[in-house]
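Structure record follows, encoded as structure tokens.
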Amino acid sequence: MKTFINVEDIGNISQALAEAKEIKENRYKYQHLGKNKTLMMIFFNNSLRTRLSTQKAAMNLGMNVIVLDVNAGAWKLETERGVIMDGDKSEHLLEAIPVMGCYCDLIGVRSFAGLSDREYDYAETVLNQFIKYSGRPVFAMETATVHPLQAFADLVTIEEHKQTARPKVVLTWAPHCRALPQAVPNSFAQWMNAADVDLVVTHPEGYELDPKFVGNARVEYDQMKALEGADFVYAKNWSCPGVTNPADYGKIISKDMSWTIDAAHMAVTNNGKFMHCLPVRRGLIVTDDVIESQNSLVIPEAANREISASVVIKRMLEAL
């Protein structure tokens, strides 16, 4: 595996889940693969779970790890071609990327959407420069449009806690005070479509996700109707994807607090499990009683980030 961005990169889902189970039972089984190998993790944006879980996974596999926070201690990087660099950015990615590649064997990249230019974001401009110029296998640690390590961990979590062979999984929009990217819901929908679940996506009108991620999922604009009989409820805010109205891309077009997941929402589910990628704004996305309930999976879900990263890094090491 040379790149890990979308669900297609992982191959057979059942095999990937079996591999995740194996690694969870013995996290250090494949240490020999990473001996004398180095992972470089590059962060253009803040991180807690992604940084800690991915670094831990690499260490479990015997790797050395270099972490570069572009916004703290590195030269400010220019990402655009054809610019006159007479501002505060001292180095261009076109030089920085191949230099980074000289010091490592694998590269993980985290770079969020700017939410001002849909075409630029959905072209994955920054990530694709790393793939093209680094000379190293590259995996996404959240990009402008996807967060595959999170979605893989979500799927592992659902597999571990499901009570029926084909559970009903609901991805629901929830309100937020800031404009957030669509990366997490995009990947969640994409991975659930590839898995054997009954996926329903619910959100206010105008928040339609890109069809290439929604796939065959059922879209329901009535949130309570969507939640009926749900086995898993995945709450997440996202800003307007600009599918129906490109001019609204990246904007907050609703702050409807009736979409906040509370006990009344969960009461119509099939004793549903609550999920969220974290960090979560309590009182906006979810109420305290729901996230603190026995049916909340947010901590096991976060713990499985180490497992999803381990599977991905292992496969990349095997392909070196």
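Each chain of the structure tokens is named A, B, ... in the order shown, its residues numbered from 1; ligands are numbered from 1 in display order.
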Would you please extract all strand (DSSP E) residues from region 60-280 of chain A, as assigned by DSSP on the backbone, and give them as a PyMOL selection string?
-> chain A and resi 64-69+77-78+91-92+106-110+138-140+168-173+198-202+218-220+232-236+273-275
Can you pull out every residue within 6 Å of Ser239 (chain A), counting only C-alpha atoms, but drop anything in the same chain fewer than 6 positions away, and send it as number ranges by chain?
-> A: 179-180, 250-252
Write out, as a PDB file, in the first residue's frame, the residues just selected, with N, CA and C atoms.
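So result.pdb came out as:
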ATOM      1  N   ALA A 179     -17.327  27.041  11.803  1.00  0.00           N
ATOM      2  CA  ALA A 179     -17.445  26.314  10.536  1.00  0.00           C
ATOM      3  C   ALA A 179     -16.396  25.199  10.513  1.00  0.00           C
ATOM      4  N   LEU A 180     -16.847  23.967  10.393  1.00  0.00           N
ATOM      5  CA  LEU A 180     -15.952  22.811  10.411  1.00  0.00           C
ATOM      6  C   LEU A 180     -15.919  22.131   9.039  1.00  0.00           C
ATOM      7  N   GLY A 250     -18.490  26.076   2.973  1.00  0.00           N
ATOM      8  CA  GLY A 250     -17.748  26.433   4.174  1.00  0.00           C
ATOM      9  C   GLY A 250     -18.494  27.317   5.148  1.00  0.00           C
ATOM     10  N   LYS A 251     -19.745  27.647   4.851  1.00  0.00           N
ATOM     11  CA  LYS A 251     -20.505  28.546   5.715  1.00  0.00           C
ATOM     12  C   LYS A 251     -21.370  27.778   6.721  1.00  0.00           C
ATOM     13  N   ILE A 252     -21.716  28.445   7.798  1.00  0.00           N
ATOM     14  CA  ILE A 252     -22.720  27.945   8.736  1.00  0.00           C
ATOM     15  C   ILE A 252     -24.065  28.475   8.268  1.00  0.00           C
TER      16      ILE A 252
END
Give me every helix (DSSP H, G or I) residue in region 259-295 of chain A, going by DSSP on the backbone, as an mmCIF file with N, CA, C and O atoms, in the first residue's frame.
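And here is the file that came out, part37.cif:
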data_model
loop_
_atom_site.group_PDB
_atom_site.id
_atom_site.type_symbol
_atom_site.label_atom_id
_atom_site.label_comp_id
_atom_site.auth_asym_id
_atom_site.auth_seq_id
_atom_site.Cartn_x
_atom_site.Cartn_y
_atom_site.Cartn_z
ATOM 1 N N TRP A 259 -31.208 19.970 16.857
ATOM 2 C CA TRP A 259 -30.444 18.841 16.328
ATOM 3 C C TRP A 259 -29.413 18.309 17.329
ATOM 4 O O TRP A 259 -28.779 17.286 17.078
ATOM 5 N N ALA A 263 -31.196 13.035 25.411
ATOM 6 C CA ALA A 263 -31.872 11.786 25.809
ATOM 7 C C ALA A 263 -33.112 11.521 24.976
ATOM 8 O O ALA A 263 -33.430 10.363 24.664
ATOM 9 N N ALA A 264 -33.813 12.585 24.587
ATOM 10 C CA ALA A 264 -35.029 12.401 23.785
ATOM 11 C C ALA A 264 -34.691 11.836 22.407
ATOM 12 O O ALA A 264 -35.441 11.002 21.874
ATOM 13 N N HIS A 265 -33.592 12.259 21.840
ATOM 14 C CA HIS A 265 -33.163 11.711 20.554
ATOM 15 C C HIS A 265 -32.778 10.235 20.698
ATOM 16 O O HIS A 265 -33.161 9.397 19.885
ATOM 17 N N MET A 266 -32.022 9.932 21.728
ATOM 18 C CA MET A 266 -31.549 8.564 21.912
ATOM 19 C C MET A 266 -32.689 7.619 22.291
ATOM 20 O O MET A 266 -32.598 6.408 22.063
ATOM 21 N N ALA A 267 -33.774 8.158 22.836
ATOM 22 C CA ALA A 267 -34.902 7.326 23.280
ATOM 23 C C ALA A 267 -35.603 6.631 22.121
ATOM 24 O O ALA A 267 -36.241 5.594 22.323
ATOM 25 N N ASP A 288 -24.539 16.331 28.205
ATOM 26 C CA ASP A 288 -23.686 15.612 29.144
ATOM 27 C C ASP A 288 -24.194 14.207 29.439
ATOM 28 O O ASP A 288 -23.418 13.246 29.514
ATOM 29 N N ASP A 289 -25.508 14.093 29.632
ATOM 30 C CA ASP A 289 -26.048 12.795 30.033
ATOM 31 C C ASP A 289 -25.861 11.740 28.952
ATOM 32 O O ASP A 289 -25.644 10.556 29.255
ATOM 33 N N VAL A 290 -25.890 12.137 27.689
ATOM 34 C CA VAL A 290 -25.713 11.167 26.601
ATOM 35 C C VAL A 290 -24.255 10.759 26.474
ATOM 36 O O VAL A 290 -23.931 9.572 26.398
ATOM 37 N N ILE A 291 -23.343 11.729 26.469
ATOM 38 C CA ILE A 291 -21.936 11.382 26.255
ATOM 39 C C ILE A 291 -21.333 10.669 27.472
ATOM 40 O O ILE A 291 -20.345 9.947 27.347
#
Which residues, written as a PDB file with N, CA and C atoms, in the first residue's frame, have at least one atom at most 12 Å from Asn26 (chain A), with only C-alpha atoms counted and residues fewer than 3 positions away on the same chain left out?
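Below you can see result-v9.pdb, which holds the result:
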ATOM      1  N   GLU A  19      -7.460  -8.129  10.572  1.00  0.00           N
ATOM      2  CA  GLU A  19      -6.102  -7.696  10.880  1.00  0.00           C
ATOM      3  C   GLU A  19      -6.099  -6.760  12.087  1.00  0.00           C
ATOM      4  N   ALA A  20      -7.110  -5.902  12.165  1.00  0.00           N
ATOM      5  CA  ALA A  20      -7.231  -5.004  13.314  1.00  0.00           C
ATOM      6  C   ALA A  20      -7.423  -5.808  14.602  1.00  0.00           C
ATOM      7  N   LYS A  21      -8.231  -6.832  14.548  1.00  0.00           N
ATOM      8  CA  LYS A  21      -8.452  -7.679  15.718  1.00  0.00           C
ATOM      9  C   LYS A  21      -7.167  -8.375  16.140  1.00  0.00           C
ATOM     10  N   GLU A  22      -6.417  -8.867  15.152  1.00  0.00           N
ATOM     11  CA  GLU A  22      -5.147  -9.542  15.442  1.00  0.00           C
ATOM     12  C   GLU A  22      -4.167  -8.586  16.118  1.00  0.00           C
ATOM     13  N   ILE A  23      -4.061  -7.385  15.587  1.00  0.00           N
ATOM     14  CA  ILE A  23      -3.120  -6.414  16.142  1.00  0.00           C
ATOM     15  C   ILE A  23      -3.548  -5.971  17.538  1.00  0.00           C
ATOM     16  N   LYS A  29       3.452  -7.499  17.763  1.00  0.00           N
ATOM     17  CA  LYS A  29       3.784  -8.698  16.991  1.00  0.00           C
ATOM     18  C   LYS A  29       4.651  -8.386  15.777  1.00  0.00           C
ATOM     19  N   TYR A  30       4.483  -7.200  15.208  1.00  0.00           N
ATOM     20  CA  TYR A  30       5.167  -6.893  13.951  1.00  0.00           C
ATOM     21  C   TYR A  30       6.266  -5.844  14.116  1.00  0.00           C
ATOM     22  N   GLN A  31       6.894  -5.814  15.297  1.00  0.00           N
ATOM     23  CA  GLN A  31       7.939  -4.827  15.552  1.00  0.00           C
ATOM     24  C   GLN A  31       9.094  -4.925  14.560  1.00  0.00           C
ATOM     25  N   ALA A  57       1.208   3.890  17.476  1.00  0.00           N
ATOM     26  CA  ALA A  57       1.138   2.771  16.532  1.00  0.00           C
ATOM     27  C   ALA A  57       2.493   2.525  15.874  1.00  0.00           C
ATOM     28  N   ASN A  60       4.811   0.975  18.328  1.00  0.00           N
ATOM     29  CA  ASN A  60       4.467  -0.435  18.515  1.00  0.00           C
ATOM     30  C   ASN A  60       5.088  -1.303  17.420  1.00  0.00           C
ATOM     31  N   LEU A  61       5.199  -0.730  16.223  1.00  0.00           N
ATOM     32  CA  LEU A  61       5.742  -1.443  15.076  1.00  0.00           C
ATOM     33  C   LEU A  61       7.248  -1.284  14.955  1.00  0.00           C
ATOM     34  N   ILE A 307      -5.290   1.335  16.774  1.00  0.00           N
ATOM     35  CA  ILE A 307      -5.403   0.086  16.026  1.00  0.00           C
ATOM     36  C   ILE A 307      -5.508   0.350  14.525  1.00  0.00           C
ATOM     37  N   SER A 310      -2.208   1.346  13.248  1.00  0.00           N
ATOM     38  CA  SER A 310      -1.273   0.210  13.234  1.00  0.00           C
ATOM     39  C   SER A 310      -1.444  -0.630  11.977  1.00  0.00           C
TER      40      SER A 310
END
Can you list, as a PyMOL selection string, every protein, DNA or RNA residue that comes within 7 Å of region 148-162 of chain A when you count only C-alpha atoms, leaving out same-chain residues fewer than 4 positions away?
-> chain A and resi 5-6+17+140-141+167+187-188+191+301+304-305+308-309
Those residues with all heavy atoms, as a compact mmCIF listing (two decimals), in the first residue's frame please?
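Final output, selection_27.txt:
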# COMPACT_ATOMS: atom_id res chain seq x y z
N ILE A 5 -5.75 6.98 1.64
CA ILE A 5 -6.58 8.18 1.63
C ILE A 5 -8.05 7.80 1.73
O ILE A 5 -8.78 8.31 2.57
CB ILE A 5 -6.34 9.00 0.35
CG1 ILE A 5 -4.85 9.32 0.19
CG2 ILE A 5 -7.18 10.28 0.37
CD1 ILE A 5 -4.49 9.89 -1.16
N ASN A 6 -8.48 6.89 0.88
CA ASN A 6 -9.88 6.49 0.80
C ASN A 6 -10.05 5.02 1.15
O ASN A 6 -9.07 4.26 1.24
CB ASN A 6 -10.42 6.77 -0.60
CG ASN A 6 -10.43 8.25 -0.92
OD1 ASN A 6 -10.99 9.06 -0.19
ND2 ASN A 6 -9.78 8.63 -2.02
N LEU A 17 -10.54 -5.73 8.97
CA LEU A 17 -11.08 -5.85 10.33
C LEU A 17 -10.45 -7.03 11.07
O LEU A 17 -10.17 -6.94 12.27
CB LEU A 17 -12.59 -6.01 10.27
CG LEU A 17 -13.38 -4.76 9.88
CD1 LEU A 17 -14.84 -5.11 9.62
CD2 LEU A 17 -13.27 -3.69 10.95
N ALA A 140 -2.97 9.72 4.93
CA ALA A 140 -3.71 10.89 5.41
C ALA A 140 -4.00 10.79 6.89
O ALA A 140 -4.57 9.80 7.36
CB ALA A 140 -5.02 11.02 4.63
N MET A 141 -3.64 11.83 7.62
CA MET A 141 -3.98 11.94 9.04
C MET A 141 -5.08 13.00 9.24
O MET A 141 -5.13 13.66 10.25
CB MET A 141 -2.74 12.31 9.86
CG MET A 141 -1.62 11.31 9.79
SD MET A 141 -0.30 11.58 10.99
CE MET A 141 0.26 13.23 10.57
N PRO A 167 -26.18 -3.76 11.45
CA PRO A 167 -26.77 -2.72 12.30
C PRO A 167 -27.19 -1.48 11.50
O PRO A 167 -26.66 -1.21 10.42
CB PRO A 167 -25.63 -2.38 13.26
CG PRO A 167 -24.39 -2.70 12.49
CD PRO A 167 -24.73 -3.92 11.67
N SER A 187 -15.62 10.73 5.24
CA SER A 187 -14.98 9.42 5.38
C SER A 187 -15.89 8.42 6.09
O SER A 187 -15.93 7.24 5.72
CB SER A 187 -13.66 9.54 6.15
OG SER A 187 -12.61 9.92 5.29
N PHE A 188 -16.62 8.89 7.10
CA PHE A 188 -17.52 7.98 7.81
C PHE A 188 -18.54 7.39 6.85
O PHE A 188 -18.77 6.18 6.82
CB PHE A 188 -18.22 8.70 8.96
CG PHE A 188 -19.06 7.78 9.80
CD1 PHE A 188 -18.48 6.96 10.75
CD2 PHE A 188 -20.44 7.73 9.65
CE1 PHE A 188 -19.25 6.10 11.53
CE2 PHE A 188 -21.23 6.89 10.41
CZ PHE A 188 -20.63 6.07 11.35
N TRP A 191 -16.82 4.89 4.39
CA TRP A 191 -16.46 3.59 4.98
C TRP A 191 -17.69 2.78 5.36
O TRP A 191 -17.69 1.55 5.22
CB TRP A 191 -15.55 3.81 6.19
CG TRP A 191 -14.13 4.12 5.80
CD1 TRP A 191 -13.67 5.25 5.19
CD2 TRP A 191 -13.00 3.25 5.94
NE1 TRP A 191 -12.32 5.15 4.96
CE2 TRP A 191 -11.88 3.94 5.41
CE3 TRP A 191 -12.82 2.00 6.48
CZ2 TRP A 191 -10.61 3.40 5.40
CZ3 TRP A 191 -11.55 1.44 6.49
CH2 TRP A 191 -10.45 2.13 5.95
N GLU A 301 -13.79 4.28 21.01
CA GLU A 301 -13.62 4.73 19.63
C GLU A 301 -12.27 5.43 19.46
O GLU A 301 -11.52 5.17 18.50
CB GLU A 301 -14.76 5.69 19.33
CG GLU A 301 -14.91 6.20 17.93
CD GLU A 301 -16.09 7.15 17.85
OE1 GLU A 301 -16.83 7.33 18.84
OE2 GLU A 301 -16.27 7.74 16.76
N ASN A 304 -9.36 3.00 19.60
CA ASN A 304 -9.19 2.23 18.37
C ASN A 304 -8.44 2.99 17.29
O ASN A 304 -8.10 2.42 16.25
CB ASN A 304 -10.54 1.75 17.85
CG ASN A 304 -11.01 0.48 18.54
OD1 ASN A 304 -10.20 -0.33 18.98
ND2 ASN A 304 -12.31 0.31 18.65
N ARG A 305 -8.19 4.28 17.51
CA ARG A 305 -7.36 5.03 16.56
C ARG A 305 -5.95 4.43 16.50
O ARG A 305 -5.31 4.42 15.44
CB ARG A 305 -7.30 6.50 16.97
CG ARG A 305 -8.61 7.27 16.77
CD ARG A 305 -8.96 7.38 15.30
NE ARG A 305 -7.84 7.96 14.55
CZ ARG A 305 -7.57 9.26 14.49
NH1 ARG A 305 -8.37 10.13 15.09
NH2 ARG A 305 -6.54 9.69 13.81
N SER A 308 -6.34 1.30 14.14
CA SER A 308 -6.47 1.60 12.70
C SER A 308 -5.15 2.09 12.14
O SER A 308 -4.74 1.69 11.05
CB SER A 308 -7.58 2.63 12.46
OG SER A 308 -7.30 3.88 13.05
N ALA A 309 -4.45 2.94 12.89
CA ALA A 309 -3.15 3.43 12.43
C ALA A 309 -2.14 2.29 12.33
O ALA A 309 -1.31 2.25 11.40
CB ALA A 309 -2.63 4.52 13.36
Which neighbours of Val138 (chain A) fall inside 8 Å, counting only C-alpha atoms, when residues of the same chain fewer than 3 positions from it are skipped, and could you give them as a list in words?
-> Lys2, Thr3, Phe4, Leu106, Ile107, Gly108, Val109, Phe130 and Ile131 of chain A
Could you turn the residues from that selection into a file that holds N, CA and C atoms, as a CSV table (one decimal), in the first residue's frame?
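The file below, part-v3.csv, is the result:
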chain,number,residue,atom,x,y,z
A,2,LYS,N,0.8,2.0,-1.1
A,2,LYS,CA,1.7,3.2,-1.2
A,2,LYS,C,1.0,4.5,-0.7
A,3,THR,N,-0.3,4.5,-0.8
A,3,THR,CA,-1.0,5.7,-0.2
A,3,THR,C,-2.2,5.1,0.5
A,4,PHE,N,-2.7,5.9,1.5
A,4,PHE,CA,-3.9,5.6,2.3
A,4,PHE,C,-4.7,6.9,2.4
A,106,LEU,N,8.3,6.7,5.7
A,106,LEU,CA,6.9,6.9,5.5
A,106,LEU,C,6.5,8.3,6.0
A,107,ILE,N,5.5,8.9,5.4
A,107,ILE,CA,5.0,10.2,5.7
A,107,ILE,C,3.5,10.2,6.0
A,108,GLY,N,3.1,10.8,7.1
A,108,GLY,CA,1.7,11.0,7.4
A,108,GLY,C,1.5,12.5,7.4
A,109,VAL,N,0.4,13.0,6.8
A,109,VAL,CA,0.1,14.4,6.6
A,109,VAL,C,-1.2,14.7,7.1
A,130,PHE,N,2.6,16.1,-1.5
A,130,PHE,CA,3.4,15.2,-0.8
A,130,PHE,C,3.5,13.9,-1.5
A,131,ILE,N,2.4,13.4,-2.1
A,131,ILE,CA,2.4,12.2,-2.8
A,131,ILE,C,3.3,12.3,-4.0
Minimum-distance residue to Asn12 (chain A), chosen among A:Ala194, A:Met275, A:Leu68, A:Ile97 (using only C-alpha atoms) |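 Among A:Ala194, A:Met275, A:Leu68, A:Ile97, it is A:Ala194 that comes nearest to Asn12 (chain A).
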Nearest residue to Asn237 (chain A) from the set A:Val219, A:Ile285, A:Ile253, A:Ala189 (distances using only C-alpha atoms) |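 Ranking A:Val219, A:Ile285, A:Ile253, A:Ala189 by distance to Asn237 (chain A), first place goes to A:Ile285.
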Nearest to Asp210 (chain A) among A:Lys89, A:Arg118, A:Lys56, A:His32, with distances taken over only C-alpha atoms: which residue is it?
-> A:Arg118
Option closest in space to Thr164 (chain A), from A:Asp231, A:Asp69, A:Asp105, A:Glu142 [counting only C-alpha atoms] = A:Asp231
So, counting only C-alpha atoms, which residue among A:Thr50, A:Trp238, A:Gly87, A:Phe44 is closest to Gly73 (chain A)?
-> A:Phe44
